[in-house]
Structure formats: C-alpha cells, structure tokens
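Reading through the structure tokens given below for one structure.
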Amino acid sequence: MLIVLTLLFAVAFAAPLIFRKLGRSTFYLLAAVPAGGFVWLLATFGRYIGTDQRALDGAPNAPPSEAVAWIPQLRLELAFRMDALSAVLALLILGVGALVLFYCARYFRSGDSHIGPFGAQLLAFAGAMFGLVITDDLIMLYVFWELTTILSYLLIGFARQRLAARRSALMALMVTTFGGLAMLAGLVLLGQHAGTYRISEILAAAPALLAEGAVAEVAIVLILAGAVSKSALVPFHFWLPAAMAAPTPVSAYLHAAAMVKAGIYLVARLAPGFAGTGYWDAVVTVLGLLTMLVGGWQALRQFDLKLLLAYGTVSQLGFLTLVVGLGGRDAALAGLGLLLAHGLFKATLFLVVGIIDHQSGTRDIRELSGIHRAAPVLFSVALVGAASMAGVPPLLGFVAKESVYETFFHQAQHGGWTDWVVLAGVVAGSMLTFAYSARFVWGGFATKPGVEPTAFTPVSRAFLASPAVLAAATVLFGLWPVPVDAAVQPYTSLFPSDGGADGHLALWHGLTPALGLTALTLAAGLLLFRGRRRIERLQRRSIRFLDAERAYRGAVGVLDEFAIWITGRTQRGSLIFYLFVILSVAVAAPVTVLLVMGAPWPADWVWFDSPVQALAGLAVITGALAAVRANKRFLAVLMVSVTGYGIALIFALQGAPDLALTQMLVETIMLVAIVLALRSLPARLWLRPPGGYRLLRAAVGLAFGLAMMAIAAVAMASRTAEPISRAFPQLAYEGGGGANIVNVTLVDIRAWDTFGEISVLALAATGVASLIFVRGRGDKRQRAESVPTGSVDLLAEVDDEQGSQNSAVLAARRRFGAAARDAWLVAGRTLAPERRSIIFEVVTRLIFHSVMVFSVYLLLTGHNLPGGGFAGGLLAGTALAVRYLAGGRVELAEATPVSAGVLLAAGLGTASLTAVAPLFFGGQVFQSAIIHFSLPVFGDHKFVTSTIFDIGVYLVVVGLVLDVLRSFGAEIDERGEAAARRPKHAVRDEALEPLDEEVSR
C-alpha cells in the first residue's frame, strides 16, 4: 500500500512536465496510476476482509500494517493499516479517481491553460485521500486531512480568472480549515488521554477511555466538528454548492467519491468505539437528519444541474452521516452499502452534467430541451444514475436504501417516539431525493413545451466511457449485491451483535415493512415532482429564516472591518511605535505572570566576581546610556557596539571563550554593515527635538532589560531538576568526539537547531538582497578590467576635465585595466586619490591572507578548541570587509571568485548532505561518525564527520557577510557613482530622497 501511495504522489509531481510533451493525453497516463492501484487492491482484497478486524498489530490474523518511526519521543510514527473499511474506501477512491482522470482527457482541450498543474493536483488529491483512509495514526490522519483541504482549494479555484471560483475556493478553505483546527485539538486530546496515537489501539481501548471521565467525549465532539465541516453538514453545508464553480471532473471526484467522504469515513472509523456516547447521538442524528431535509428541499428549487446535484449531495451526506453514525451491525452494513452506491451514482451524474455542459454550452434546465433524442446513450446512463439515487429497484441505491429502512424500522420498533421521528424524517428526506432525481432527468433531457431543442454535439465513446462504466457497476451490483455485501460485512464485525440474525445486502428481502416504505417513498416522490410548480411558488414565498451562507459572509465582513480598524490603529508606519508596543508587551506579560504566580527569587546575589568584570559591566551601562543620548546615528551605533564588546569581555572573563569570540566577531560585522547602511540616511538621528518621548523610550528600554534580568533570575531560582547541561561534557567527548562543548553542541547534540539557524541566515541574506537589488540579486562580479565608463572615480574626473570620450581617456582606461590584471590590490586604480589610505592598503596586504588562513584554522580546530564554523565564517567575513574598505567594490569582486548565492547554496547543501548521508549507512539524521586513523610522522588522529556540517555553517556565514557587503556596500557605491554622472539637479533630488522619507515618517 505504501508503494501505491508513493506512486500517486511521485507521478503527481512529474505530471506538469509530462503535460508539456503529451498535452491532454497525459490524463490517460495519470489515470493508469490509480487504475493500477485499483487492480492491485482488487486482486489482494481477500487479505483485508479475511482478517480479524479487531486484532491489533502483531496479533494473529491482524489486518496488514506498516509503521516507520518518525519522532519516537513524541510517539509519532508513519503508521498505515489496511482493514476492511480502509479497503472499501480505497476501492472507491482509486476506481472513481481513475475514471475521472480518464474522463478529463476528453473534457479539457489541449490548449487549456493550467491543465498540467490541474492534473497533478487531482492525482495528488487521490493520493491524499488514499493516505487518509489507510493511516493508523491520528497525526498522520490530520496531515492527509489538511492536504485534501489545500488541494481542494486549488482545484475549486482552477478558473482563477473568475471571481466566483476564487471566492468559492476561499470559502471551502476557511470552513474546512476551521473544522480541521477543532479536529486537531480533539485528536491531540484523545491521543494524549489514551497514551497512544494509534487509531486501532484507541478504538480497542475506547470503553476504558470513556469510563475514565469526560475527556474522551469532549475530544470526540471536537473531532466530529472536523467531520461535520468537511462533509458539509448543517450549518456548514453552504460551502459545497458554492464549490460547484470548480470544473465538473473536480465536482465528480471531490464531492462524490473523495473529499466529502472524508468526514463520513471519520464517523465510520470512530463509530465502533464511540457511537452512542454522550454527545455523539446529538451531533450525528440531529445534524444528519436536518442536513438531509435541508439539502433535499433546496435541491427542488435549483435550475442549474450542477447546483441541483450539489444540494442533493448535501442531502445524501446528511443521510450517510445519520446511518453510519447510528452504531450497530445493521447500520454499519447499510451505511457502507449506501456510501458505495452514492459514490457510483453521484459520480455518474456529475460526469453526465459535464458532458451536457461541454456539448451544449449550458446547464440551465430552462434552456435544455430534447437531449434524450440527441444523446440516447447519455440519457440511459443518466437515467440509471438518477434512479439509483432515488432508490428505484433493481439498482444498488435501492438495495442500500432497503437496508437503511430495515435498520431504522427495527430501531423504532424497539425504541421510543424519537426513533419514530427519525424514521419519519428519513422517509421524508428520501421522498425529496426521488423528487429532485426526477427533476434532474426531466430538466436535463426532456422535451419541454415552448423551448427550442438544444443544439447538442454528438458525444464520443471515450468521453462517455467513464459515466457508462459507473452506471454499469450500479446495475451490476444492484442485481448481484453479493460482492458488496462480502466487502462490507467484515466491518460490521467491529460492532457488538444484538443477538438476532445479521443482515445482508440483497435485492429481495420479501414483503417487508421496508419494502412498503420504499413504495410510499416512490409514490410520494412522484407526487412531489408532478407538483413541482406549486413547490417552486411555495419556496419563493417562504421566508428564509436561516441562510448559513449569508451568515458566513456577514461574519467575514465583520472580521474584515475589525481587521481594518485594528490595522489603522496599529500599523502606523512608525518603527518607534512598533518597538514600543512589542517591548511593552514583552515586559508586561511575563512580569504579570511572575507577580501573580509568586515566583521564587535567588537567595544570594553576587554583583560581580572581579573588578575587571565590574569595569566591563560599567562600560556596557555607559554605552547604553550614551546611545540613548546620542543625536547622530553614527555615534549611536558606536555606543551600541561598545555594549556588545563589553558583553564579549564578560563572556571571556566568565570562562566562555567561544561565546566571547563569536560575540566580538558579530559586533564587528554588524558595525561594518550598519555603518555602510548609514551612508543612505541623514547624519542626524532626529529631525526635530524628541522631547519627552526620549525619556519614555529610555524607560521602556530600561524596563525591558530589568524584566529580562528578573526572568533569568527567577528561572535559575526555580530549577528543581538537575540541569541537562551537566551531561553535555560527557556527551560532547564520548558521543560527539570533541572537547569543545559549545561547538559539539552546535554541530552534533543540537544539530537541528543549528540547521534552522543557518537556514534563517540564508533567508535573511536573500531578504537583504531582495530589498537592495530590485532588478536582480547582484551576483555578477565587477572585474577591474571591465569597469564601465564613469564607474571609476579617477576616470570620472578625467571625463569631467576633458569632456566627452577621446583617445587619451580610452588609452588611460586600457592602461589601468592592464595594470589591474597584474595587481593583487587594485585600489590604486579604482579609487580617487582622496579616498585612498596607503596605510590601510599596506595593512590589508599584510593581514588578509593570514586572517583567512586563521579563519580556516578556527573552523577545523573548533571541535576541540575555541572556534568553529560560526567563528571562522565571521572572521573570514571580517577579512572580506577589510579588503572592501581598502579597495572598494571592485576589490570586493576581485576577492570573491564565487557569488554569495553560490556560497549560501553550497553551505546549506553541505549541511543537508550531512543530515541525510547517515541514513544510507543505517544511522539517524545528523548522526556523526568518529573515524580513527594513523599517519606517518603525524601519528594517531581522529576525524568527526560533524566537521563537514561545520564547513556548511562556515560557507553560509561567509555567504551572508558577502551578501551584506555587496548590498550595503558595493550596490550603494555603484548607485552613488551613477548619481555622480547624472546632471546636478537629478543628483540633488536623489540625495534628498532619504531626507524626504524621514520627514514623511
């Protein structure tokens, strides 16, 4: 079963590429995948229905299952189980899915846009539904559940140029996601309460769980909320008719055999263990019966064939929920039989509607006339499907509905008046079903007086094949229901026997009360159809007391208005305001908790351990106060850096050289980056006196600092267990193979955290580049020999003095370019004399290579000595910053033979490789190997594979620094040079842009 699941998703991923080659014929290839799975499942079906459905994994004769550990600490696993219920639903999903995909090859045109993604999404939806019904883990069930939600959103919104399609897709997404979130809470609550997330184990322990209290019942109600929203029961029924904006194949699959069946499946899955609990009957019976009646009544007033079927589907979903959730063997038998019958006849009818719309151009029954003469075979197929939906013998729909009547009549005989009310409601809903089924056949195919015969293009056999196969199956299993009965009987064994003879699906049960109810249904339904004019007039005059869709739109409108009101008062375009709100909340929330909960405080306070530490702390405080009082941006940045360097000194004094080194390098790089960015901002920090707001901001900053100190102190005083950090030295040395606890923790013990951090760094670099480089990332290197006219300051001056281009200027450029190719530091040829510093150039020549070599040394020795990938990468970035400051943007390009994007990709790729590689050797993700080896002269050595991960960290950090230098340095330089070449009035206008932005703020 995992092979089928994998194939469905794998082919879905490749489908858009195949569509480019084969066009719409690709649908035939896609249809072969679920068709192959259907054949495989049919061939092995006996393995799933011939097992003990109650047996758990490992027990004799248990249903086939497979499980792969995912996160053992959280009891999460990829668990799959194919029992009778899963097999029956999988047959429906794969079989109908294959026919719908086959149908799409004739429904769409090769020139239709987006059919490649559409085909991929439809096949992936089949995979998501297949995974949903075979999973045996609650969390995996939720994952597949939400996959169907997302894919249905994409499929319903296929015609993205139409506003109705987009609105309908969003409505379906919001409603089903709302229910899905409630369901997630219930799944987690149930899994935690049961001590396992295995569905089979939870169902086996259901009586004990219910006996322990109301937790299980509350969890089941939350789960049912997801089922109710997904299967479009009242009051969430409105999203399904709106979803008819989707292409007809989507409606035929998602809303007949797949998506809406997810809620029915969930009810059927939980019914053996939880049917009849405190809230179960109230939700399933009341909402199911109400939905059946509301949907049937609404279907009688529709003129669009798809909308008629949509409201009919709503009615049938309520009917299915009512039957499947009833509990008991007879109800389970009737429910699964009805579920299969509904999947066959409703898919048939939707596909018929698609053909009518495709061949005639309309679905309006007021415009359709005489189609039964133009397409007699199509009419026969539609008649079979509608008759099965109406419960007319000898079709499968009749067989299933007979069993439903038998079940409810038997329950009413042995129950109270409420059971008779439910039976009456079921019969009334079935009468409505017959009436709208007849309305469908009459509206789509009959010859109507006063209406011109509809122009109808002949239907090809390939186009008609899918609905014809489904109609034939409806007839076959109606006349011979033995295979259907054999398929669903094993599921009924999960329910306790009532002591009587077990029921069976059969075409003829004799002259029974159920047969009398069927006759009454058909007669009353026929009368309702004949009186359709009067019913339409009654529906137009009736007051609509509850319009769920109007309530939904009103709620969304109120939410939008509230969001606009909140946005207008919070998103004011002021960074100071945002920081004030964030820091105020960060102070108020934890401090309130500390005061209310009475958190403990440390008994002993130590102000400092040494005089040097006190001086460092004083420097940090002085820098912070000076930053608050600074009036110029550059001075404020320097004072903030003083606080950072002071903290680095405190780390060093506390015996944390790794932290001190990293902090110092981070402060250096940040200082360079911010100073470079300051060139685009006014020098003064304030354009107008800040007044009393400065004191308020200082107070908020001081309060935030004190709050963080209090939280740290309380956290240390609240510790009761032994710190986990005490085990790190042994873990680092024995497990990680290194003596540097900090570095081993980063690349081995907590490698997932570090991988997340470098991913954030790569995203940050991409964000910076996206903000600065509007037309491209800016990775094209500006070599010295290809410096364009005017981009070199010295040559620009020559241009200004001599006017236009002449032979002397061109000769000078060729001379400078040739000399640059032979020089290591080209600053003398790319910078104006007043911007050069000979001392800085000489120092750069002396230290650059040494610093780069030392950065590699920090990288390679970081496993046992202070250093590592972060420190080494920051040091290498500092060396690049020095070289840029000495020689400008052209020198930076000369110093980096590869682009920042390549470095970032190489770093993340290397780190990802170290995560995946151990799996090929039987290890776990990010597991390290310690390799011992001996070398002549050098002696014994060991190599830890986590060093490769550290190399990835090194490359990412270097790539980030290079991206920052190119963004805030080289790009701003180039824009300044371009501005210098423009007319003076244009330069002045551009220079005032930052000032204008500041004034506007």
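Labels for the structure tokens follow display order: chains A, B, ..., residues from 1 in each chain, ligands from 1.
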
Skip Ala299 of chain A itself and residues of its chain fewer than 3 positions away, then list as a PDB file with N, CA and C atoms, in the first residue's frame all residues within 12 Å of it, counting only C-alpha atoms.
```pdb
ATOM      1  N   PRO A 241     -22.266  23.626  -2.302  1.00  0.00           N
ATOM      2  CA  PRO A 241     -22.865  24.165  -3.529  1.00  0.00           C
ATOM      3  C   PRO A 241     -22.027  25.282  -4.157  1.00  0.00           C
ATOM      4  N   THR A 291     -29.630  18.026   7.874  1.00  0.00           N
ATOM      5  CA  THR A 291     -28.942  18.249   6.607  1.00  0.00           C
ATOM      6  C   THR A 291     -29.637  17.526   5.471  1.00  0.00           C
ATOM      7  N   MET A 292     -30.097  16.316   5.725  1.00  0.00           N
ATOM      8  CA  MET A 292     -30.799  15.554   4.688  1.00  0.00           C
ATOM      9  C   MET A 292     -32.040  16.295   4.209  1.00  0.00           C
ATOM     10  N   LEU A 293     -32.801  16.856   5.133  1.00  0.00           N
ATOM     11  CA  LEU A 293     -34.037  17.560   4.773  1.00  0.00           C
ATOM     12  C   LEU A 293     -33.745  18.908   4.122  1.00  0.00           C
ATOM     13  N   VAL A 294     -32.806  19.671   4.676  1.00  0.00           N
ATOM     14  CA  VAL A 294     -32.481  20.991   4.118  1.00  0.00           C
ATOM     15  C   VAL A 294     -31.914  20.848   2.710  1.00  0.00           C
ATOM     16  N   GLY A 295     -30.971  19.922   2.525  1.00  0.00           N
ATOM     17  CA  GLY A 295     -30.384  19.738   1.207  1.00  0.00           C
ATOM     18  C   GLY A 295     -31.406  19.302   0.176  1.00  0.00           C
ATOM     19  N   GLY A 296     -32.297  18.352   0.536  1.00  0.00           N
ATOM     20  CA  GLY A 296     -33.309  17.903  -0.412  1.00  0.00           C
ATOM     21  C   GLY A 296     -34.294  19.004  -0.781  1.00  0.00           C
ATOM     22  N   GLN A 302     -33.563  24.397  -7.635  1.00  0.00           N
ATOM     23  CA  GLN A 302     -32.406  24.745  -8.448  1.00  0.00           C
ATOM     24  C   GLN A 302     -32.701  24.548  -9.932  1.00  0.00           C
ATOM     25  N   PHE A 303     -32.154  25.446 -10.753  1.00  0.00           N
ATOM     26  CA  PHE A 303     -32.280  25.351 -12.198  1.00  0.00           C
ATOM     27  C   PHE A 303     -30.959  24.972 -12.868  1.00  0.00           C
ATOM     28  N   ASP A 304     -29.859  25.096 -12.152  1.00  0.00           N
ATOM     29  CA  ASP A 304     -28.559  24.659 -12.655  1.00  0.00           C
ATOM     30  C   ASP A 304     -28.377  23.186 -12.264  1.00  0.00           C
ATOM     31  N   LEU A 305     -28.079  22.345 -13.258  1.00  0.00           N
ATOM     32  CA  LEU A 305     -27.971  20.906 -12.985  1.00  0.00           C
ATOM     33  C   LEU A 305     -26.892  20.599 -11.950  1.00  0.00           C
ATOM     34  N   LYS A 306     -25.776  21.329 -11.995  1.00  0.00           N
ATOM     35  CA  LYS A 306     -24.716  21.073 -11.018  1.00  0.00           C
ATOM     36  C   LYS A 306     -25.142  21.493  -9.623  1.00  0.00           C
ATOM     37  N   LEU A 307     -25.828  22.609  -9.519  1.00  0.00           N
ATOM     38  CA  LEU A 307     -26.304  23.037  -8.207  1.00  0.00           C
ATOM     39  C   LEU A 307     -27.362  22.072  -7.678  1.00  0.00           C
ATOM     40  N   LEU A 308     -28.199  21.554  -8.570  1.00  0.00           N
ATOM     41  CA  LEU A 308     -29.184  20.570  -8.142  1.00  0.00           C
ATOM     42  C   LEU A 308     -28.484  19.351  -7.542  1.00  0.00           C
ATOM     43  N   LEU A 309     -27.455  18.866  -8.233  1.00  0.00           N
ATOM     44  CA  LEU A 309     -26.705  17.723  -7.712  1.00  0.00           C
ATOM     45  C   LEU A 309     -25.939  18.090  -6.449  1.00  0.00           C
ATOM     46  N   ALA A 310     -25.489  19.335  -6.367  1.00  0.00           N
ATOM     47  CA  ALA A 310     -24.727  19.752  -5.184  1.00  0.00           C
ATOM     48  C   ALA A 310     -25.599  19.716  -3.938  1.00  0.00           C
ATOM     49  N   TYR A 311     -26.799  20.288  -4.036  1.00  0.00           N
ATOM     50  CA  TYR A 311     -27.695  20.232  -2.874  1.00  0.00           C
ATOM     51  C   TYR A 311     -28.162  18.804  -2.619  1.00  0.00           C
ATOM     52  N   GLY A 312     -28.280  18.018  -3.697  1.00  0.00           N
ATOM     53  CA  GLY A 312     -28.568  16.604  -3.488  1.00  0.00           C
ATOM     54  C   GLY A 312     -27.454  15.899  -2.754  1.00  0.00           C
ATOM     55  N   THR A 313     -26.212  16.274  -3.049  1.00  0.00           N
ATOM     56  CA  THR A 313     -25.079  15.704  -2.329  1.00  0.00           C
ATOM     57  C   THR A 313     -25.115  16.098  -0.862  1.00  0.00           C
ATOM     58  N   VAL A 314     -25.448  17.357  -0.581  1.00  0.00           N
ATOM     59  CA  VAL A 314     -25.594  17.780   0.814  1.00  0.00           C
ATOM     60  C   VAL A 314     -26.607  16.896   1.524  1.00  0.00           C
ATOM     61  N   SER A 315     -27.740  16.666   0.874  1.00  0.00           N
ATOM     62  CA  SER A 315     -28.778  15.823   1.469  1.00  0.00           C
ATOM     63  C   SER A 315     -28.278  14.404   1.701  1.00  0.00           C
ATOM     64  N   GLN A 316     -27.591  13.855   0.717  1.00  0.00           N
ATOM     65  CA  GLN A 316     -27.099  12.484   0.840  1.00  0.00           C
ATOM     66  C   GLN A 316     -26.003  12.372   1.897  1.00  0.00           C
ATOM     67  N   GLY A 429     -37.024  12.631   3.799  1.00  0.00           N
ATOM     68  CA  GLY A 429     -35.849  13.002   3.028  1.00  0.00           C
ATOM     69  C   GLY A 429     -35.699  12.173   1.774  1.00  0.00           C
ATOM     70  N   LEU A 432     -37.968  13.497  -0.919  1.00  0.00           N
ATOM     71  CA  LEU A 432     -37.339  14.643  -1.576  1.00  0.00           C
ATOM     72  C   LEU A 432     -36.256  14.182  -2.549  1.00  0.00           C
ATOM     73  N   THR A 433     -35.525  13.134  -2.180  1.00  0.00           N
ATOM     74  CA  THR A 433     -34.484  12.612  -3.052  1.00  0.00           C
ATOM     75  C   THR A 433     -35.076  12.127  -4.368  1.00  0.00           C
ATOM     76  N   PHE A 434     -36.174  11.392  -4.298  1.00  0.00           N
ATOM     77  CA  PHE A 434     -36.813  10.938  -5.536  1.00  0.00           C
ATOM     78  C   PHE A 434     -37.267  12.140  -6.364  1.00  0.00           C
ATOM     79  N   ALA A 435     -37.812  13.156  -5.708  1.00  0.00           N
ATOM     80  CA  ALA A 435     -38.338  14.313  -6.435  1.00  0.00           C
ATOM     81  C   ALA A 435     -37.220  15.054  -7.166  1.00  0.00           C
ATOM     82  N   TYR A 436     -36.109  15.312  -6.508  1.00  0.00           N
ATOM     83  CA  TYR A 436     -35.058  16.056  -7.222  1.00  0.00           C
ATOM     84  C   TYR A 436     -34.316  15.165  -8.205  1.00  0.00           C
ATOM     85  N   SER A 437     -34.329  13.841  -8.013  1.00  0.00           N
ATOM     86  CA  SER A 437     -33.763  12.944  -9.030  1.00  0.00           C
ATOM     87  C   SER A 437     -34.595  13.006 -10.302  1.00  0.00           C
ATOM     88  N   ALA A 438     -35.910  12.979 -10.136  1.00  0.00           N
ATOM     89  CA  ALA A 438     -36.786  13.111 -11.303  1.00  0.00           C
ATOM     90  C   ALA A 438     -36.632  14.491 -11.952  1.00  0.00           C
ATOM     91  N   ARG A 439     -36.453  15.513 -11.143  1.00  0.00           N
ATOM     92  CA  ARG A 439     -36.251  16.865 -11.674  1.00  0.00           C
ATOM     93  C   ARG A 439     -34.970  16.917 -12.503  1.00  0.00           C
ATOM     94  N   PHE A 440     -33.944  16.187 -12.078  1.00  0.00           N
ATOM     95  CA  PHE A 440     -32.689  16.165 -12.816  1.00  0.00           C
ATOM     96  C   PHE A 440     -32.890  15.546 -14.196  1.00  0.00           C
ATOM     97  N   PHE A 529     -42.757  15.562  -7.504  1.00  0.00           N
ATOM     98  CA  PHE A 529     -42.235  16.005  -8.796  1.00  0.00           C
ATOM     99  C   PHE A 529     -43.345  16.573  -9.663  1.00  0.00           C
ATOM    100  N   ARG A 532     -44.262  20.154  -8.909  1.00  0.00           N
ATOM    101  CA  ARG A 532     -43.054  20.990  -8.785  1.00  0.00           C
ATOM    102  C   ARG A 532     -43.354  22.471  -8.960  1.00  0.00           C
ATOM    103  N   ILE A 535     -44.589  23.746  -5.687  1.00  0.00           N
ATOM    104  CA  ILE A 535     -43.492  23.762  -4.703  1.00  0.00           C
ATOM    105  C   ILE A 535     -42.565  24.943  -4.965  1.00  0.00           C
ATOM    106  N   GLU A 536     -42.299  25.225  -6.245  1.00  0.00           N
ATOM    107  CA  GLU A 536     -41.441  26.366  -6.568  1.00  0.00           C
ATOM    108  C   GLU A 536     -42.081  27.670  -6.095  1.00  0.00           C
ATOM    109  N   GLN A 539     -41.746  27.840  -2.353  1.00  0.00           N
ATOM    110  CA  GLN A 539     -40.379  28.161  -1.935  1.00  0.00           C
ATOM    111  C   GLN A 539     -40.059  29.629  -2.155  1.00  0.00           C
TER     112      GLN A 539
END
```

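With only C-alpha atoms as the atoms that count, the residue of A:Leu336, A:Val68, A:Ala205, A:Ala900 with the shortest distance to Ile264 of chain A is A:Leu336.
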
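For the choices A:Val381, A:Leu746, A:Ala387, A:Leu203, the atom-to-atom distance to Ala275 of chain A is smallest for A:Leu203 when using only C-alpha atoms.
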
Report the closest atom pair, with its distance in Å rounded to one decimal, for each residue of segment 936-977 of chain A that has an atom no farther than 12 Å from segment 848-862 of chain A; count only C-alpha atoms, sort by chain and then rising residue number, and write it as CSV.
```
residue,atom,partner,partner_atom,distance
A:Phe943,CA,A:Leu860,CA,10.2
A:Val944,CA,A:Leu860,CA,10.5
A:Thr945,CA,A:Leu860,CA,11.5
A:Ser946,CA,A:Leu860,CA,10.8
A:Thr947,CA,A:Leu860,CA,7.2
A:Ile948,CA,A:Leu860,CA,9.5
A:Phe949,CA,A:Leu859,CA,10.7
A:Asp950,CA,A:Leu859,CA,7.2
A:Ile951,CA,A:Leu859,CA,7.2
A:Gly952,CA,A:Leu859,CA,10.4
A:Val953,CA,A:Leu859,CA,9.4
A:Tyr954,CA,A:Leu859,CA,7.3
A:Leu955,CA,A:Leu859,CA,10.5
A:Val957,CA,A:Leu859,CA,11.8
A:Val958,CA,A:Ser855,CA,10.6
```

Next, dump the selected residues to file, keeping only N, CA and C atoms, as a tab-separated table (two decimals), in the first residue's frame.
```
chain	number	residue	atom	x	y	z
A	943	PHE	N	38.88	11.82	13.01
A	943	PHE	CA	38.08	12.80	12.26
A	943	PHE	C	36.61	12.54	12.55
A	944	VAL	N	35.90	13.62	12.93
A	944	VAL	CA	34.48	13.53	13.23
A	944	VAL	C	33.71	14.11	12.05
A	945	THR	N	32.73	13.35	11.53
A	945	THR	CA	32.02	13.78	10.32
A	945	THR	C	31.18	15.04	10.55
A	946	SER	N	30.90	15.39	11.80
A	946	SER	CA	30.16	16.62	12.03
A	946	SER	C	30.97	17.85	11.62
A	947	THR	N	32.29	17.68	11.42
A	947	THR	CA	33.10	18.78	10.91
A	947	THR	C	32.62	19.21	9.53
A	948	ILE	N	32.12	18.26	8.74
A	948	ILE	CA	31.59	18.59	7.41
A	948	ILE	C	30.37	19.51	7.56
A	949	PHE	N	29.55	19.21	8.56
A	949	PHE	CA	28.42	20.10	8.84
A	949	PHE	C	28.92	21.49	9.21
A	950	ASP	N	30.02	21.55	9.99
A	950	ASP	CA	30.59	22.84	10.38
A	950	ASP	C	31.10	23.60	9.17
A	951	ILE	N	31.59	22.88	8.17
A	951	ILE	CA	32.03	23.53	6.93
A	951	ILE	C	30.83	24.19	6.24
A	952	GLY	N	29.69	23.52	6.25
A	952	GLY	CA	28.49	24.13	5.70
A	952	GLY	C	28.10	25.40	6.44
A	953	VAL	N	28.23	25.38	7.77
A	953	VAL	CA	27.96	26.58	8.56
A	953	VAL	C	28.91	27.70	8.15
A	954	TYR	N	30.18	27.37	8.01
A	954	TYR	CA	31.21	28.34	7.61
A	954	TYR	C	30.83	29.00	6.28
A	955	LEU	N	30.44	28.20	5.28
A	955	LEU	CA	30.11	28.75	3.97
A	955	LEU	C	28.88	29.64	4.03
A	957	VAL	N	27.80	31.43	6.61
A	957	VAL	CA	28.13	32.68	7.28
A	957	VAL	C	28.93	33.59	6.34
A	958	VAL	N	29.90	33.02	5.62
A	958	VAL	CA	30.67	33.82	4.66
A	958	VAL	C	29.75	34.36	3.57
```

Spatial neighbours of Leu209 of chain A, 10 Å, only C-alpha atoms, chain gap at least 5 places, as a ChimeraX atom specification: /A:190,193-194,202-204,214-217,273-274

Let's have the selection written as an mmCIF file, in the first residue's frame, with N, CA and C atoms.
```cif
data_model
loop_
_atom_site.group_PDB
_atom_site.id
_atom_site.type_symbol
_atom_site.label_atom_id
_atom_site.label_comp_id
_atom_site.auth_asym_id
_atom_site.auth_seq_id
_atom_site.Cartn_x
_atom_site.Cartn_y
_atom_site.Cartn_z
ATOM 1 N N LEU A 190 -7.369 13.359 22.471
ATOM 2 C CA LEU A 190 -7.662 11.931 22.532
ATOM 3 C C LEU A 190 -6.384 11.104 22.585
ATOM 4 N N HIS A 193 -4.772 11.485 26.022
ATOM 5 C CA HIS A 193 -5.586 10.799 27.035
ATOM 6 C C HIS A 193 -5.421 9.285 26.932
ATOM 7 N N ALA A 194 -5.310 8.776 25.710
ATOM 8 C CA ALA A 194 -5.189 7.337 25.514
ATOM 9 C C ALA A 194 -3.754 6.846 25.694
ATOM 10 N N ILE A 202 -6.603 2.913 20.052
ATOM 11 C CA ILE A 202 -7.572 3.784 20.731
ATOM 12 C C ILE A 202 -8.964 3.177 20.670
ATOM 13 N N LEU A 203 -9.349 2.639 19.499
ATOM 14 C CA LEU A 203 -10.667 2.019 19.380
ATOM 15 C C LEU A 203 -10.774 0.791 20.275
ATOM 16 N N ALA A 204 -9.684 0.040 20.400
ATOM 17 C CA ALA A 204 -9.721 -1.130 21.275
ATOM 18 C C ALA A 204 -9.874 -0.729 22.739
ATOM 19 N N ALA A 214 -14.890 12.554 31.181
ATOM 20 C CA ALA A 214 -15.469 13.223 30.013
ATOM 21 C C ALA A 214 -14.431 13.678 29.000
ATOM 22 N N VAL A 215 -13.147 13.409 29.241
ATOM 23 C CA VAL A 215 -12.111 13.889 28.324
ATOM 24 C C VAL A 215 -12.300 13.289 26.937
ATOM 25 N N ALA A 216 -12.532 11.991 26.890
ATOM 26 C CA ALA A 216 -12.703 11.325 25.599
ATOM 27 C C ALA A 216 -13.929 11.850 24.870
ATOM 28 N N GLU A 217 -15.011 12.100 25.605
ATOM 29 C CA GLU A 217 -16.226 12.597 24.960
ATOM 30 C C GLU A 217 -16.015 13.986 24.373
ATOM 31 N N GLY A 273 -16.150 2.372 18.352
ATOM 32 C CA GLY A 273 -15.718 2.602 19.724
ATOM 33 C C GLY A 273 -16.490 3.673 20.458
ATOM 34 N N PHE A 274 -17.035 4.653 19.727
ATOM 35 C CA PHE A 274 -17.590 5.830 20.415
ATOM 36 C C PHE A 274 -19.039 6.139 20.042
#
```

Within 6 Å of Ile365 of chain A using only C-alpha atoms, minus same-chain residues under 3 positions, as a VMD selection string: chain A and resid 303 368 443 to 444

Output for the residues just chosen: C-alpha atoms as a tab-separated table (two decimals), in the first residue's frame:
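What ended up in out.tsv:
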```tsv
chain	number	residue	atom	x	y	z
A	303	PHE	CA	-32.28	25.35	-12.20
A	368	LEU	CA	-32.21	22.40	-22.17
A	443	GLY	CA	-34.62	19.10	-16.59
A	444	GLY	CA	-31.61	17.71	-18.42
```

Ser466 of chain A surroundings by only C-alpha atoms, 7 Å radius, close-in-sequence under 4 positions cut, as a count of residues only: 4
